[in-house]
Every structure is written in structure tokens, then in C-alpha cells.
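Below is one structure, written out as C-alpha cells; the observations come after it.
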Amino acid sequence: MELRQLRYFVRIVEMGSMSRAARELDVVQSALSQQITRLESELAVRLLQRTPRGVVPTEAGVAFFREAQLALRHADQAVRSAQQSRLSGSVSLGLAPTTATILALPLMQAMRTRYPD
């Protein structure tokens, strides 16, 4: 199971239509349908009921929808947490003149490379 499949499934349920979800996700409908079919095969349960007016989630689909939304929120939060935990800010460093002539430039270059923010 991939996050992409979860995103696709959630969007389809929210839109109530494969074609509208495909347009919104900027994916061709056949690829979207294929991903949902793979997801349903992996889970061994039908998640969506296709109707002439669109799609509706099955009972299993409703339960999966709630959990998929939660999983996507957690994945998005994990990305934000990782991005926010980068070291950033200013650094002040004091070196003795004798060591500064040898170490200062390589140290600053290494720090700038390793911690660009």
C-alpha cells in the first residue's frame, strides 16, 4: 500500500466521482482506477461501489476512508516535523588567532554545507 493510493482513494470518496477526482489529481482516469483496483486487491475487499452517477464507498470503504484520512494527516505531520526540526539560525564562534588561520575557513565551509539554514 502506498500513500499515493491512500490520497487517490480519499479524493475519490470526497469527490464522489472517479472522473472528477482524476481531473483534480491531474491523473488519467484509467491510472486512477488501476491504483484503486490494486489497493482493493491488496486489501482483499471492495472499497468502492461504482454507480451510474459516480462512486460511493462500501461499508469497508467508509471504515477505510476514516483511517486513510488519519494516516495521511499523520504522514503530512511527519513531513512538517522533519522540515521544522532542521537546524537553523546564526552561529557565533570564537577561535584563537593561531587556530583560526588554519581551522576557521574549512570549519565555516563544512558548517555551511552541512547546515545550510
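Letters A, B, ... mark the chains of the C-alpha cells in the order given; residue numbers begin at 1 per chain; ligand numbers begin at 1, in order shown.
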Every residue of range 48-102 of chain A that DSSP places in strand (DSSP E), as a ChimeraX atom specification:
/A:48-51,54-57
Could you name the residues that touch range 59-74 of chain A at 9 Å or less, counting only C-alpha atoms, but leaving out those on the same chain fewer than 3 positions away, as a list in words?
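Returned residues: Leu3, Leu6, Arg7, Phe9, Val10, Val13, Val45, Arg46, Leu47, Leu48, Gln49, Val56, Gln77, Ala78 and Val79 of chain A.
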Would you mind exporting N, CA and C atoms of the selected residues as a short mmCIF file (atom, residue, chain, number, x, y, z; two decimals), in the first residue's frame?
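As written to disk, out_2.cif reads:
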```
data_model
loop_
_atom_site.label_atom_id
_atom_site.label_comp_id
_atom_site.auth_asym_id
_atom_site.auth_seq_id
_atom_site.Cartn_x
_atom_site.Cartn_y
_atom_site.Cartn_z
N LEU A 3 1.19 5.66 -0.04
CA LEU A 3 0.49 6.88 0.33
C LEU A 3 -0.27 7.46 -0.86
N LEU A 6 -3.60 5.93 -1.03
CA LEU A 6 -4.48 6.48 0.01
C LEU A 6 -5.00 7.85 -0.41
N ARG A 7 -4.10 8.68 -0.94
CA ARG A 7 -4.52 10.01 -1.41
C ARG A 7 -5.56 9.91 -2.51
N PHE A 9 -7.62 7.37 -3.13
CA PHE A 9 -8.87 6.84 -2.59
C PHE A 9 -9.65 7.92 -1.85
N VAL A 10 -8.98 8.66 -0.97
CA VAL A 10 -9.64 9.71 -0.20
C VAL A 10 -10.24 10.75 -1.13
N VAL A 13 -13.44 9.43 -2.86
CA VAL A 13 -14.59 9.42 -1.95
C VAL A 13 -15.09 10.85 -1.73
N VAL A 45 -10.73 -6.59 -0.33
CA VAL A 45 -12.07 -6.09 -0.01
C VAL A 45 -12.43 -4.99 -1.01
N ARG A 46 -13.68 -4.94 -1.35
CA ARG A 46 -14.17 -3.90 -2.26
C ARG A 46 -14.38 -2.62 -1.46
N LEU A 47 -13.77 -1.53 -1.89
CA LEU A 47 -13.86 -0.27 -1.18
C LEU A 47 -14.88 0.68 -1.79
N LEU A 48 -15.05 0.58 -3.10
CA LEU A 48 -15.94 1.50 -3.79
C LEU A 48 -16.98 0.75 -4.60
N GLN A 49 -18.17 1.29 -4.59
CA GLN A 49 -19.26 0.76 -5.41
C GLN A 49 -19.46 1.74 -6.56
N VAL A 56 -19.56 5.39 -4.67
CA VAL A 56 -19.85 5.54 -3.24
C VAL A 56 -19.04 4.49 -2.51
N GLN A 77 2.02 15.46 8.81
CA GLN A 77 2.61 15.99 10.04
C GLN A 77 4.05 15.52 10.19
N ALA A 78 4.33 14.28 9.81
CA ALA A 78 5.70 13.77 9.87
C ALA A 78 6.62 14.58 8.97
N VAL A 79 6.14 14.93 7.78
CA VAL A 79 6.93 15.75 6.87
C VAL A 79 7.18 17.12 7.48
#
```
I'd like the neighbourhood of Arg11 in chain A as an MDAnalysis selection string, where a residue qualifies if any of its atoms comes within 9 Å (using only C-alpha atoms), though same-chain residues fewer than 4 positions away should be ignored.
chainID A and resid 6:7 15:18 21:22 24:25
Please save C-alpha atoms of the selected residues as a PDB file, in the first residue's frame.
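Resulting contents of out-v4.pdb:
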```pdb
ATOM      1  CA  LEU A   6      -4.483   6.477   0.007  1.00  0.00           C
ATOM      2  CA  ARG A   7      -4.519  10.014  -1.407  1.00  0.00           C
ATOM      3  CA  MET A  15     -15.418  13.958  -4.939  1.00  0.00           C
ATOM      4  CA  GLY A  16     -17.883  11.078  -5.368  1.00  0.00           C
ATOM      5  CA  SER A  17     -16.585  10.529  -8.870  1.00  0.00           C
ATOM      6  CA  MET A  18     -13.579   8.885 -10.483  1.00  0.00           C
ATOM      7  CA  ALA A  21     -11.054  13.043  -8.834  1.00  0.00           C
ATOM      8  CA  ALA A  22      -8.847  12.233 -11.831  1.00  0.00           C
ATOM      9  CA  GLU A  24      -8.427  17.255  -9.666  1.00  0.00           C
ATOM     10  CA  LEU A  25      -5.439  14.937  -9.110  1.00  0.00           C
TER      11      LEU A  25
END
```
Residues of chain A classed as alpha helix (DSSP H) by DSSP on the backbone are to be reported as a count of residues only.
80
Shortest interatomic distance to Gln83 in chain A - which of A:Asp117, A:Ala44, A:Pro97, A:Leu105, counting only C-alpha atoms
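With only C-alpha atoms as the atom set, the closest residue is A:Asp117.
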Just how far from CA of Arg4 in chain A is CA of Gln35 in chain A, in Å to one decimal?
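So the two atoms, CA of Gln35 in chain A and CA of Arg4 in chain A, lie 8.7 Å apart.
What separates CA of Ser92 in chain A from CA of Arg114 in chain A is a distance of 16.2 Å.
The interatomic distance for the pair CA of Asp76 in chain A and CA of Arg23 in chain A works out to 22.4 Å.
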Which residue is closest to Gln29 in chain A? Choose from A:Leu43, A:Tyr8, A:Ile102, A:Gly89 and count only C-alpha atoms.
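Ranked by minimum distance to Gln29 in chain A, first place goes to A:Tyr8.
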Ranking A:Thr58, A:Gln84, A:Thr101, A:Thr37 by minimum distance to Met1 in chain A and counting only C-alpha atoms, which one comes first?
A:Thr37
